[in-house]
$ cat final25.cif   # mmCIF, C-alpha atoms
data_coords
loop_
_atom_site.group_PDB
_atom_site.id
_atom_site.type_symbol
_atom_site.label_atom_id
_atom_site.label_comp_id
_atom_site.auth_asym_id
_atom_site.auth_seq_id
_atom_site.Cartn_x
_atom_site.Cartn_y
_atom_site.Cartn_z
ATOM 1 C CA MET A 11 176.389 191.478 64.579
ATOM 2 C CA ALA A 12 177.259 194.808 63.060
ATOM 3 C CA GLY A 13 180.856 195.856 63.445
ATOM 4 C CA ALA A 14 182.042 192.409 64.346
ATOM 5 C CA ALA A 15 183.374 191.377 60.987
ATOM 6 C CA VAL A 16 186.918 190.121 60.626
ATOM 7 C CA LEU A 17 188.763 192.802 58.746
ATOM 8 C CA GLY A 18 190.201 192.105 55.369
ATOM 9 C CA ARG A 19 193.792 193.249 55.110
ATOM 10 C CA LEU A 20 193.498 196.974 54.732
ATOM 11 C CA THR A 21 195.702 198.019 51.847
ATOM 12 C CA TRP A 22 196.592 201.364 50.346
ATOM 13 C CA ARG A 23 194.816 201.812 47.018
ATOM 14 C CA LEU A 24 195.087 204.420 44.329
ATOM 15 C CA ALA A 25 192.121 206.811 44.278
ATOM 16 C CA GLU A 26 191.478 208.857 41.153
ATOM 17 C CA VAL A 27 189.553 212.106 41.356
ATOM 18 C CA ALA A 28 186.572 211.886 38.999
ATOM 19 C CA ASP A 29 184.965 215.172 39.949
ATOM 20 C CA VAL A 30 185.138 217.988 42.478
ATOM 21 C CA ALA A 31 182.298 220.183 43.734
ATOM 22 C CA GLU A 32 182.528 223.257 45.933
ATOM 23 C CA GLU A 33 180.191 222.998 48.929
ATOM 24 C CA THR A 34 181.199 226.145 50.821
ATOM 25 C CA PRO A 35 184.158 228.542 50.607
ATOM 26 C CA ARG A 36 186.071 226.178 52.935
ATOM 27 C CA THR A 37 184.847 222.751 51.876
ATOM 28 C CA ARG A 38 184.873 220.686 48.749
ATOM 29 C CA THR A 39 183.454 217.301 47.849
ATOM 30 C CA LEU A 40 185.744 214.934 45.961
ATOM 31 C CA VAL A 41 184.126 212.207 43.879
ATOM 32 C CA LEU A 42 186.570 209.321 43.667
ATOM 33 C CA GLY A 43 187.119 206.198 41.695
ATOM 34 C CA VAL A 44 188.892 203.575 43.793
ATOM 35 C CA GLU A 45 189.840 200.280 42.249
ATOM 36 C CA GLY A 46 188.685 197.312 44.310
ATOM 37 C CA TRP A 47 186.584 199.439 46.684
ATOM 38 C CA SER A 48 184.520 197.070 48.826
ATOM 39 C CA GLY A 49 181.696 199.379 49.952
ATOM 40 C CA HIS A 50 181.249 200.944 53.381
ATOM 41 C CA ARG A 51 178.951 201.448 56.357
ATOM 42 C CA ALA A 52 177.595 204.934 56.918
ATOM 43 C CA GLY A 53 179.808 206.834 59.361
ATOM 44 C CA GLN A 54 183.066 205.156 58.407
ATOM 45 C CA HIS A 55 186.102 207.047 57.183
ATOM 46 C CA VAL A 56 189.158 206.597 54.998
ATOM 47 C CA ASP A 57 192.809 207.416 55.548
ATOM 48 C CA ILE A 58 194.534 209.447 52.845
ATOM 49 C CA ARG A 59 198.315 209.394 52.415
ATOM 50 C CA LEU A 60 200.241 211.971 50.458
ATOM 51 C CA THR A 61 203.894 211.434 49.629
ATOM 52 C CA ALA A 62 206.220 214.318 48.819
ATOM 53 C CA GLU A 63 209.031 214.041 46.285
ATOM 54 C CA ASP A 64 211.544 213.689 49.108
ATOM 55 C CA GLY A 65 209.611 210.750 50.520
ATOM 56 C CA TYR A 66 207.950 212.624 53.399
ATOM 57 C CA GLN A 67 204.488 211.229 54.035
ATOM 58 C CA ALA A 68 201.416 212.782 55.663
ATOM 59 C CA GLU A 69 198.315 210.781 56.602
ATOM 60 C CA ARG A 70 194.894 212.116 57.586
ATOM 61 C CA SER A 71 191.455 210.604 58.118
ATOM 62 C CA TYR A 72 188.373 211.861 56.276
ATOM 63 C CA SER A 73 184.773 210.817 56.739
ATOM 64 C CA ILE A 74 182.932 209.242 53.850
ATOM 65 C CA ALA A 75 180.193 211.571 52.626
ATOM 66 C CA SER A 76 178.399 209.310 50.178
ATOM 67 C CA GLY A 77 175.807 206.716 51.093
ATOM 68 C CA PRO A 78 176.633 202.997 51.045
ATOM 69 C CA ASP A 79 174.440 202.490 47.968
ATOM 70 C CA ASP A 80 175.758 205.441 45.990
ATOM 71 C CA ASP A 81 177.659 204.629 42.807
ATOM 72 C CA ARG A 82 180.830 206.426 43.750
ATOM 73 C CA LEU A 83 182.804 207.220 46.859
ATOM 74 C CA GLU A 84 182.618 210.849 47.968
ATOM 75 C CA LEU A 85 184.628 212.695 50.614
ATOM 76 C CA THR A 86 183.856 216.205 51.792
ATOM 77 C CA VAL A 87 186.993 217.919 53.058
ATOM 78 C CA GLU A 88 187.273 221.154 55.027
ATOM 79 C CA ARG A 89 190.387 223.274 54.592
ATOM 80 C CA ILE A 90 192.453 223.595 57.759
ATOM 81 C CA ASP A 91 194.689 226.540 56.980
ATOM 82 C CA ASP A 92 197.860 225.158 58.569
ATOM 83 C CA GLY A 93 197.029 221.570 57.609
ATOM 84 C CA GLU A 94 199.381 219.301 55.694
ATOM 85 C CA VAL A 95 196.755 217.499 53.638
ATOM 86 C CA SER A 96 193.482 219.419 53.503
ATOM 87 C CA PRO A 97 194.749 222.535 51.635
ATOM 88 C CA TYR A 98 195.890 220.234 48.855
ATOM 89 C CA LEU A 99 192.574 218.368 48.747
ATOM 90 C CA VAL A 100 190.443 221.521 48.898
ATOM 91 C CA ASP A 101 192.445 223.968 46.785
ATOM 92 C CA GLU A 102 194.699 222.052 44.452
ATOM 93 C CA VAL A 103 193.410 218.627 43.504
ATOM 94 C CA ARG A 104 191.874 218.359 40.014
ATOM 95 C CA GLY A 105 189.978 215.739 38.065
ATOM 96 C CA GLY A 106 192.320 212.946 37.013
ATOM 97 C CA ASP A 107 194.707 213.463 39.955
ATOM 98 C CA THR A 108 195.505 210.427 42.076
ATOM 99 C CA PHE A 109 196.504 209.802 45.673
ATOM 100 C CA GLU A 110 196.681 206.879 48.078
ATOM 101 C CA LEU A 111 193.664 205.918 50.161
ATOM 102 C CA ARG A 112 192.735 203.036 52.462
ATOM 103 C CA GLY A 113 189.368 202.072 53.877
ATOM 104 C CA PRO A 114 186.621 201.802 54.777
ATOM 105 C CA ILE A 115 187.796 202.210 58.368
ATOM 106 C CA GLY A 116 186.117 202.217 61.767
ATOM 107 C CA GLY A 117 183.470 200.136 63.494
ATOM 108 C CA TYR A 118 182.456 202.448 66.327
ATOM 109 C CA PHE A 119 181.071 205.562 64.689
ATOM 110 C CA ALA A 120 179.111 203.593 62.090
ATOM 111 C CA TRP A 121 175.504 202.751 61.428
ATOM 112 C CA SER A 122 173.723 200.183 59.282
ATOM 113 C CA PRO A 123 169.955 199.996 58.722
ATOM 114 C CA GLY A 124 169.954 196.704 60.647
ATOM 115 C CA ASP A 125 171.066 198.583 63.764
ATOM 116 C CA GLY A 126 167.629 200.232 63.854
ATOM 117 C CA GLY A 127 166.487 203.678 64.881
ATOM 118 C CA PRO A 128 165.235 206.245 65.442
ATOM 119 C CA LEU A 129 168.380 208.082 64.444
ATOM 120 C CA LEU A 130 169.359 211.256 66.226
ATOM 121 C CA LEU A 131 172.259 212.920 64.434
ATOM 122 C CA VAL A 132 173.955 216.006 65.842
ATOM 123 C CA GLY A 133 176.675 217.663 63.781
ATOM 124 C CA GLY A 134 178.832 220.739 64.170
ATOM 125 C CA GLY A 135 180.546 222.227 61.109
ATOM 126 C CA SER A 136 182.100 219.573 58.906
ATOM 127 C CA GLY A 137 180.924 217.013 61.481
ATOM 128 C CA VAL A 138 177.827 216.786 59.306
ATOM 129 C CA VAL A 139 179.733 214.761 56.700
ATOM 130 C CA PRO A 140 179.416 211.226 58.145
ATOM 131 C CA LEU A 141 175.876 212.062 59.311
ATOM 132 C CA ARG A 142 174.900 212.840 55.724
ATOM 133 C CA SER A 143 176.075 209.351 54.794
ATOM 134 C CA MET A 144 173.790 207.967 57.525
ATOM 135 C CA LEU A 145 170.836 209.983 56.212
ATOM 136 C CA ARG A 146 171.458 208.526 52.761
ATOM 137 C CA ALA A 147 171.665 205.018 54.221
ATOM 138 C CA ARG A 148 168.428 205.376 56.173
ATOM 139 C CA PRO A 149 165.415 203.459 54.852
ATOM 140 C CA ASP A 150 162.094 205.351 54.774
ATOM 141 C CA ASP A 151 160.779 203.512 57.827
ATOM 142 C CA VAL A 152 163.579 204.688 60.137
ATOM 143 C CA PRO A 153 162.730 208.089 61.636
ATOM 144 C CA ALA A 154 165.686 210.444 61.744
ATOM 145 C CA LYS A 155 166.453 213.924 62.926
ATOM 146 C CA LEU A 156 169.582 215.872 62.068
ATOM 147 C CA ILE A 157 170.503 218.822 64.257
ATOM 148 C CA TYR A 158 173.198 220.753 62.457
ATOM 149 C CA SER A 159 175.142 223.693 63.798
ATOM 150 C CA ALA A 160 177.025 225.888 61.330
ATOM 151 C CA ARG A 161 178.660 229.260 61.772
ATOM 152 C CA THR A 162 176.840 231.109 58.995
ATOM 153 C CA HIS A 163 174.464 230.319 56.146
ATOM 154 C CA GLU A 164 177.439 230.358 53.789
ATOM 155 C CA ASP A 165 179.120 227.605 55.842
ATOM 156 C CA VAL A 166 176.216 225.163 55.532
ATOM 157 C CA ILE A 167 177.377 222.047 53.698
ATOM 158 C CA TYR A 168 174.854 220.091 51.555
ATOM 159 C CA ARG A 169 172.417 223.024 51.831
ATOM 160 C CA ASP A 170 170.026 221.941 49.073
ATOM 161 C CA GLU A 171 170.020 218.259 49.971
ATOM 162 C CA LEU A 172 169.335 218.978 53.624
ATOM 163 C CA SER A 173 166.620 221.552 53.032
ATOM 164 C CA ALA A 174 164.812 218.987 50.864
ATOM 165 C CA LEU A 175 164.523 216.813 54.001
ATOM 166 C CA GLY A 176 162.187 219.360 55.599
ATOM 167 C CA ASP A 177 161.456 218.866 59.271
ATOM 168 C CA ASP A 178 163.950 216.016 59.568
ATOM 169 C CA VAL A 179 166.687 218.657 59.658
ATOM 170 C CA LEU A 180 167.044 221.454 62.176
ATOM 171 C CA LEU A 181 169.693 224.014 61.306
ATOM 172 C CA THR A 182 171.082 226.463 63.803
ATOM 173 C CA LEU A 183 173.565 229.235 63.002
ATOM 174 C CA THR A 184 176.024 230.290 65.687
ATOM 175 C CA ARG A 185 177.395 233.492 64.106
ATOM 176 C CA GLU A 186 174.593 234.858 61.969
ATOM 177 C CA GLN A 187 171.049 236.024 62.541
ATOM 178 C CA ARG A 188 168.889 235.028 59.607
ATOM 179 C CA ASP A 189 165.128 235.155 59.105
ATOM 180 C CA GLY A 190 163.464 231.790 59.573
ATOM 181 C CA VAL A 191 166.641 230.079 60.802
ATOM 182 C CA ARG A 192 167.387 229.258 64.399
ATOM 183 C CA ALA A 193 170.316 231.082 65.973
ATOM 184 C CA GLY A 194 172.582 229.934 68.784
ATOM 185 C CA ARG A 195 174.443 226.875 69.938
ATOM 186 C CA VAL A 196 173.159 223.336 70.350
ATOM 187 C CA ASP A 197 172.313 223.246 74.049
ATOM 188 C CA ALA A 198 170.039 221.260 76.347
ATOM 189 C CA ASP A 199 167.018 223.460 75.563
ATOM 190 C CA LEU A 200 167.359 222.958 71.835
ATOM 191 C CA LEU A 201 167.893 219.214 72.259
ATOM 192 C CA ARG A 202 164.870 218.929 74.514
ATOM 193 C CA ASP A 203 162.693 220.766 71.983
ATOM 194 C CA ALA A 204 163.973 219.267 68.771
ATOM 195 C CA ALA A 205 165.414 215.823 69.436
ATOM 196 C CA PHE A 206 163.793 212.470 70.064
ATOM 197 C CA ALA A 207 163.008 212.051 73.745
ATOM 198 C CA PRO A 208 165.067 209.543 75.761
ATOM 199 C CA ALA A 209 161.928 207.372 76.033
ATOM 200 C CA GLU A 210 162.037 206.881 72.261
ATOM 201 C CA ASP A 211 165.480 205.328 72.767
ATOM 202 C CA PRO A 212 167.163 206.834 69.707
ATOM 203 C CA ARG A 213 170.582 205.837 68.461
ATOM 204 C CA VAL A 214 172.603 209.005 68.772
ATOM 205 C CA PHE A 215 175.622 210.043 66.719
ATOM 206 C CA VAL A 216 177.427 213.282 67.541
ATOM 207 C CA CYS A 217 180.235 214.566 65.346
ATOM 208 C CA GLY A 218 182.205 217.799 65.103
ATOM 209 C CA PRO A 219 184.914 219.796 66.825
ATOM 210 C CA THR A 220 185.967 218.347 70.182
ATOM 211 C CA SER A 221 184.363 221.057 72.340
ATOM 212 C CA PHE A 222 181.090 220.785 70.391
ATOM 213 C CA VAL A 223 180.968 217.004 70.839
ATOM 214 C CA GLU A 224 181.755 217.239 74.560
ATOM 215 C CA SER A 225 179.049 219.798 75.276
ATOM 216 C CA VAL A 226 176.362 218.074 73.169
ATOM 217 C CA ALA A 227 177.106 214.640 74.629
ATOM 218 C CA SER A 228 176.958 216.032 78.183
ATOM 219 C CA ALA A 229 173.658 217.782 77.481
ATOM 220 C CA LEU A 230 172.169 214.596 76.040
ATOM 221 C CA VAL A 231 173.172 212.582 79.107
ATOM 222 C CA GLU A 232 171.714 215.311 81.351
ATOM 223 C CA LEU A 233 168.445 215.018 79.442
ATOM 224 C CA GLY A 234 168.368 211.305 80.195
ATOM 225 C CA HIS A 235 169.763 209.691 77.072
ATOM 226 C CA ALA A 236 171.681 206.524 77.911
ATOM 227 C CA PRO A 237 175.439 207.052 77.456
ATOM 228 C CA GLU A 238 175.782 203.704 75.691
ATOM 229 C CA ARG A 239 173.351 204.894 72.990
ATOM 230 C CA ILE A 240 175.503 207.935 72.242
ATOM 231 C CA ARG A 241 178.430 207.516 69.858
ATOM 232 C CA THR A 242 180.808 210.355 69.209
ATOM 233 C CA GLU A 243 183.498 211.355 66.775
ATOM 234 C CA ARG A 244 185.772 214.339 67.422
ATOM 235 C CA PHE A 245 187.499 216.169 64.606
ATOM 236 C CA GLY A 246 189.896 218.038 66.883
ATOM 237 C CA PRO A 247 189.938 221.668 67.994
ATOM 238 C CA THR A 248 188.720 223.160 64.722
ATOM 239 C CA GLY A 249 187.365 220.238 62.754
ATOM 240 C CA ARG A 250 189.342 218.505 60.033
ATOM 241 C CA MET B 4 199.648 218.288 69.880
ATOM 242 C CA GLU B 5 196.222 217.829 68.381
ATOM 243 C CA GLU B 6 193.802 215.758 70.440
ATOM 244 C CA LEU B 7 191.382 213.596 68.482
ATOM 245 C CA ASP B 8 189.492 210.495 69.546
ATOM 246 C CA GLY B 9 190.002 206.786 69.152
ATOM 247 C CA ASN B 10 188.067 206.606 65.897
ATOM 248 C CA VAL B 11 191.060 208.097 64.116
ATOM 249 C CA ALA B 12 193.217 205.189 65.302
ATOM 250 C CA ALA B 13 191.141 202.563 63.498
ATOM 251 C CA GLY B 14 193.299 202.478 60.379
ATOM 252 C CA MET B 15 196.601 202.057 62.192
ATOM 253 C CA LEU B 16 195.159 199.512 64.636
ATOM 254 C CA SER B 17 193.834 197.476 61.716
ATOM 255 C CA GLU B 18 197.419 197.046 60.526
ATOM 256 C CA VAL B 19 198.044 194.950 63.632
ATOM 257 C CA PHE B 20 194.691 193.507 64.767
ATOM 258 C CA ALA B 21 192.303 191.189 62.906
ATOM 259 C CA LEU B 22 189.191 192.444 64.742
ATOM 260 C CA GLU B 23 187.917 196.012 64.705
ATOM 261 C CA LEU B 24 189.303 197.536 67.870
ATOM 262 C CA THR B 25 187.700 200.990 68.155
ATOM 263 C CA ALA B 26 184.264 199.491 68.851
ATOM 264 C CA ALA B 27 185.793 197.275 71.571
ATOM 265 C CA ARG B 28 185.234 198.289 75.183
ATOM 266 C CA GLY B 29 188.277 198.465 77.396
ATOM 267 C CA ARG B 30 188.887 198.993 81.095
ATOM 268 C CA CYS B 31 191.424 201.607 82.110
ATOM 269 C CA ASP B 32 193.931 200.089 84.515
ATOM 270 C CA GLY B 33 194.412 203.515 86.083
ATOM 271 C CA CYS B 34 190.898 204.548 87.084
ATOM 272 C CA GLY B 35 188.688 201.609 86.150
ATOM 273 C CA ASN B 36 186.666 203.518 83.578
ATOM 274 C CA VAL B 37 185.123 201.258 80.948
ATOM 275 C CA ALA B 38 184.579 202.761 77.495
ATOM 276 C CA ALA B 39 184.883 202.022 73.813
ATOM 277 C CA LEU B 40 188.346 202.764 72.467
ATOM 278 C CA GLY B 41 186.631 205.015 69.916
ATOM 279 C CA GLU B 42 185.699 207.328 72.817
ATOM 280 C CA ALA B 43 189.217 207.626 74.224
ATOM 281 C CA ARG B 44 191.545 210.533 73.548
ATOM 282 C CA ALA B 45 193.913 209.835 70.679
ATOM 283 C CA TYR B 46 197.048 211.522 69.409
ATOM 284 C CA VAL B 47 198.430 210.596 66.037
ATOM 285 C CA ASP B 48 200.996 213.309 65.396
ATOM 286 C CA SER B 49 203.515 211.961 67.895
ATOM 287 C CA PRO B 50 206.016 209.368 66.639
ATOM 288 C CA GLY B 51 203.195 206.871 66.788
ATOM 289 C CA LEU B 52 199.695 206.453 68.083
ATOM 290 C CA VAL B 53 198.915 207.260 71.729
ATOM 291 C CA VAL B 54 195.473 206.476 73.180
ATOM 292 C CA ARG B 55 194.577 207.904 76.591
ATOM 293 C CA CYS B 56 191.675 207.349 78.990
ATOM 294 C CA ARG B 57 189.075 210.110 78.670
ATOM 295 C CA SER B 58 188.422 210.000 82.436
ATOM 296 C CA CYS B 59 191.894 210.015 83.997
ATOM 297 C CA ASP B 60 194.250 210.593 81.032
ATOM 298 C CA SER B 61 196.301 207.443 81.696
ATOM 299 C CA VAL B 62 197.950 205.992 78.613
ATOM 300 C CA LEU B 63 195.889 202.995 77.471
ATOM 301 C CA LEU B 64 197.714 201.992 74.334
ATOM 302 C CA VAL B 65 200.770 202.995 72.328
ATOM 303 C CA LEU B 66 201.540 201.808 68.831
ATOM 304 C CA VAL B 67 204.654 202.893 66.980
ATOM 305 C CA ARG B 68 205.620 201.853 63.472
ATOM 306 C CA GLY B 69 209.059 202.188 62.024
ATOM 307 C CA ASP B 70 212.251 200.459 60.989
ATOM 308 C CA GLY B 71 210.306 197.543 59.553
ATOM 309 C CA ARG B 72 208.415 196.680 62.747
ATOM 310 C CA TYR B 73 205.699 197.683 65.194
ATOM 311 C CA TRP B 74 206.013 198.370 68.909
ATOM 312 C CA LEU B 75 202.770 197.859 70.813
ATOM 313 C CA GLY B 76 202.170 198.784 74.459
ATOM 314 C CA VAL B 77 198.866 197.997 76.159
ATOM 315 C CA GLN B 78 199.957 198.284 79.782
ATOM 316 C CA GLY B 79 197.174 200.747 80.616
ATOM 317 C CA LEU B 80 194.378 198.383 79.612
ATOM 318 C CA ALA B 81 193.152 195.859 82.170
ATOM 319 C CA TRP B 82 191.051 194.115 79.528
ATOM 320 C CA LEU B 83 189.352 194.518 76.174
ATOM 321 C CA GLU B 84 185.960 193.162 75.180
ATOM 322 C CA LEU B 85 185.664 192.541 71.447
ATOM 323 C CA ALA B 86 182.596 191.483 69.483
ATOM 324 C CA ALA B 87 183.260 188.068 67.933
ATOM 325 C CA PRO B 88 182.641 187.765 64.201
#
$ encode --input "final25.cif" --output "structure tokens"
Amino acid sequence: MAGAAVLGRLTWRLAEVADVAEETPRTRTLVLGVEGWSGHRAGQHVDIRLTAEDGYQAERSYSIASGPDDDRLELTVERIDDGEVSPYLVDEVRGGDTFELRGPIGGYFAWSPGDGGPLLLVGGGSGVVPLRSMLRARPDDVPAKLIYSARTHEDVIYRDELSALGDDVLLTLTREQRDGVRAGRVDADLLRDAAFAPAEDPRVFVCGPTSFVESVASALVELGHAPERIRTERFGPTGR
Amino acid sequence: MEELDGNVAAGMLSEVFALELTAARGRCDGCGNVAALGEARAYVDSPGLVVRCRSCDSVLLVLVRGDGRYWLGVQGLAWLELAAP
């Protein structure tokens, strides 16, 4: 059964930055080489630990952005301005730099093709990151729909990759009016129009800032989706 | 203090438990709510990890690491149901 594996001892490993790519003004994707990396399930995350010269340590969790079958591990990190870890990862880290990482982590907000579909993915802001991993993990015969809420067009992560998925992706912008793009928040009306109906029994994953996740999950339950089919991951007040 | 959810606790819990705990369902001893630990409120920027019931805010689990040992409190959980490997 998925998620029921006995865990190997999770150890801190050295990750080396192979490449960095800017996604938006606030987010960057790090391509990493990690010795002994064992592979992951879509939706899982890693913990990153930075150690200062005086020994002070800061740990944060970041979702895995790459698909399970991709050659290299990718993380997409959003800068939190008063954060202890993300400003370093977004603004400072360069190819060849190293830091400590452990993972893959988490068995709740995770999906494997064997879990079946259809897949209903609802992301707010950088909450799209683990959902992108799920889209990459999805075989052609599993129907999927991503509903993605971003502030503005400039804030849309993975813009080209997602637009290539056509009708499988519905983008809505909360702080910009733009021709041909939906405007407004993800609410019950949007979910009723755009998402799989409860009768199709989709597996639902909702990820983003805490208030986004709470309101989307409530709307889905109101529409008749079974709570036990809805899995959530909250990135905190602003996202991480 | 920043509120996250139980998913963020998976790494620290895996230091202590052999089975993946965030997918496990637990019953809150305070209000009787049954939910996956991944759904609970979680705080990681206190001295350790604090996991609280999303329904009634009772403390379900506390895990503190330091001084070469762990302190684990699970007084707020009536039971846990874990998938067997």
$ residues_around --input "final25.cif" --residues "B:Leu7" --least-positions-apart "6" --cutoff "6 Å" --atoms "all atoms listed in the file" --output "list in words"
Arg244 and Gly246 of chain A; Arg44 and Ala45 of chain B
$ atom_distance --input "final25.cif" --atom1 "atom CA of A:Asp101" --atom2 "atom CA of A:His50"
26.4 Å
$ residues_around --input "final25.cif" --residues "stretch 27-35 of chain A" --least-positions-apart "2" --cutoff "8 Å" --atoms "all atoms listed in the file" --output "short mmCIF file (atom, residue, chain, number, x, y, z; two decimals) with C-alpha atoms, in the coordinates of the input"
data_model
loop_
_atom_site.label_atom_id
_atom_site.label_comp_id
_atom_site.auth_asym_id
_atom_site.auth_seq_id
_atom_site.Cartn_x
_atom_site.Cartn_y
_atom_site.Cartn_z
CA ALA A 25 192.12 206.81 44.28
CA THR A 37 184.85 222.75 51.88
CA ARG A 38 184.87 220.69 48.75
CA THR A 39 183.45 217.30 47.85
CA LEU A 40 185.74 214.93 45.96
CA VAL A 41 184.13 212.21 43.88
CA LEU A 42 186.57 209.32 43.67
CA GLY A 43 187.12 206.20 41.70
CA VAL A 103 193.41 218.63 43.50
CA ARG A 104 191.87 218.36 40.01
CA GLY A 105 189.98 215.74 38.06
CA GLY A 106 192.32 212.95 37.01
CA ASP A 107 194.71 213.46 39.96
CA THR A 108 195.50 210.43 42.08
CA GLU A 164 177.44 230.36 53.79
CA ASP A 165 179.12 227.60 55.84
CA VAL A 166 176.22 225.16 55.53
CA ILE A 167 177.38 222.05 53.70
CA TYR A 168 174.85 220.09 51.56
#
$ resolve_selection --input "final25.cif" --expression "the PyMOL selection byres ((chain A and resi 56) around 9)" --output "PDB file with C-alpha atoms, in the frame of the given file"
ATOM      1  CA  GLN A  54     183.066 205.156  58.407  1.00  0.00           C
ATOM      2  CA  HIS A  55     186.102 207.047  57.183  1.00  0.00           C
ATOM      3  CA  ASP A  57     192.809 207.416  55.548  1.00  0.00           C
ATOM      4  CA  ILE A  58     194.534 209.447  52.845  1.00  0.00           C
ATOM      5  CA  ARG A  70     194.894 212.116  57.586  1.00  0.00           C
ATOM      6  CA  SER A  71     191.455 210.604  58.118  1.00  0.00           C
ATOM      7  CA  TYR A  72     188.373 211.861  56.276  1.00  0.00           C
ATOM      8  CA  SER A  73     184.773 210.817  56.739  1.00  0.00           C
ATOM      9  CA  ILE A  74     182.932 209.242  53.850  1.00  0.00           C
ATOM     10  CA  LEU A  85     184.628 212.695  50.614  1.00  0.00           C
ATOM     11  CA  LEU A 111     193.664 205.918  50.161  1.00  0.00           C
ATOM     12  CA  ARG A 112     192.735 203.036  52.462  1.00  0.00           C
ATOM     13  CA  GLY A 113     189.368 202.072  53.877  1.00  0.00           C
ATOM     14  CA  PRO A 114     186.621 201.802  54.777  1.00  0.00           C
ATOM     15  CA  ILE A 115     187.796 202.210  58.368  1.00  0.00           C
ATOM     16  CA  GLY A 116     186.117 202.217  61.767  1.00  0.00           C
TER      17      GLY A 116
ATOM     18  CA  GLY B  14     193.299 202.478  60.379  1.00  0.00           C
TER      19      GLY B  14
END
$ closest_residue --input "final25.cif" --among "B:Met4, B:Arg28, B:Val37, B:Glu42" --to "chain A" --atoms "all atoms listed in the file"
B:Glu42
$ atom_distance --input "final25.cif" --atom1 "atom CA of B:Arg55" --atom2 "atom CA of B:Gly79"
8.6 Å
$ residues_near_point --input "final25.cif" --point "(201.9, 208.6, 65.3)" --cutoff "9 Å" --atoms "all atoms listed in the file" --output "MDAnalysis selection string"
chainID B and resid 15 46:53 66:68
$ closest_residue --input "final25.cif" --among "B:Gln78, B:Thr25, B:Ser17, B:Asn36" --to "B:Ser58" --atoms "all atoms listed in the file"
B:Asn36
$ closest_atom_pairs --input "final25.cif" --of "chain B" --to "chain A" --cutoff "9 Å" --atoms "all atoms listed in the file" --output "CSV"
residue,atom,partner,partner_atom,distance
B:Glu5,CA,A:Gly246,CA,6.5
B:Glu6,CA,A:Gly246,CA,5.8
B:Leu7,CA,A:Gly246,CA,4.9
B:Asp8,CA,A:Arg244,CA,5.8
B:Gly9,CA,A:Glu243,CA,8.3
B:Asn10,CA,A:Gly116,CA,6.3
B:Val11,CA,A:Ser71,CA,6.5
B:Ala12,CA,A:Gly116,CA,8.5
B:Ala13,CA,A:Gly116,CA,5.3
B:Gly14,CA,A:Ile115,CA,5.9
B:Ser17,CA,A:Leu20,CA,7.0
B:Glu18,CA,A:Leu20,CA,7.0
B:Phe20,CA,A:Leu17,CA,8.5
B:Ala21,CA,A:Leu17,CA,5.7
B:Leu22,CA,A:Val16,CA,5.2
B:Glu23,CA,A:Gly117,CA,6.2
B:Leu24,CA,A:Gly117,CA,7.7
B:Thr25,CA,A:Tyr118,CA,5.7
B:Ala26,CA,A:Tyr118,CA,4.3
B:Ala27,CA,A:Tyr118,CA,8.1
B:Ala39,CA,A:Tyr118,CA,7.9
B:Leu40,CA,A:Tyr118,CA,8.5
B:Gly41,CA,A:Tyr118,CA,6.1
B:Glu42,CA,A:Thr242,CA,6.8
B:Leu85,CA,A:Ala14,CA,8.0
B:Ala86,CA,A:Ala14,CA,5.2
B:Ala87,CA,A:Ala14,CA,5.8
B:Pro88,CA,A:Ala14,CA,4.7
$ axis_aligned_box --input "final25.cif" --around "stretch 52-70 of chain A" --padding-each-side "4 Å" --output "JSON"
{"center_x": 194.6, "center_y": 209.6, "center_z": 52.8, "size_x": 41.9, "size_y": 17.4, "size_z": 21.1}
$ decode --input "final25.cif" --residues "stretch 20-44 of chain B" --atoms "C-alpha atoms" --output "compact mmCIF listing (two decimals), in the first residue's frame"
# COMPACT_ATOMS: atom_id res chain seq x y z
CA PHE B 20 9.45 6.63 14.35
CA ALA B 21 10.02 3.76 11.90
CA LEU B 22 6.64 4.20 10.15
CA GLU B 23 5.51 7.33 8.33
CA LEU B 24 3.42 9.18 10.88
CA THR B 25 1.86 12.12 9.00
CA ALA B 26 -0.38 9.80 6.95
CA ALA B 27 -1.51 8.07 10.17
CA ARG B 28 -4.95 8.94 11.51
CA GLY B 29 -5.17 9.91 15.15
CA ARG B 30 -7.99 10.61 17.58
CA CYS B 31 -7.82 13.80 19.61
CA ASP B 32 -8.26 12.99 23.29
CA GLY B 33 -9.76 16.44 23.80
CA CYS B 34 -12.63 16.55 21.31
CA GLY B 35 -12.65 13.14 19.66
CA ASN B 36 -11.86 14.44 16.19
CA VAL B 37 -10.20 11.84 13.98
CA ALA B 38 -7.83 13.12 11.30
CA ALA B 39 -4.51 12.45 9.66
CA LEU B 40 -1.62 14.04 11.53
CA GLY B 41 -0.73 15.75 8.24
CA GLU B 42 -3.95 17.78 8.61
CA ALA B 43 -3.26 18.98 12.15
CA ARG B 44 -1.83 22.38 13.01
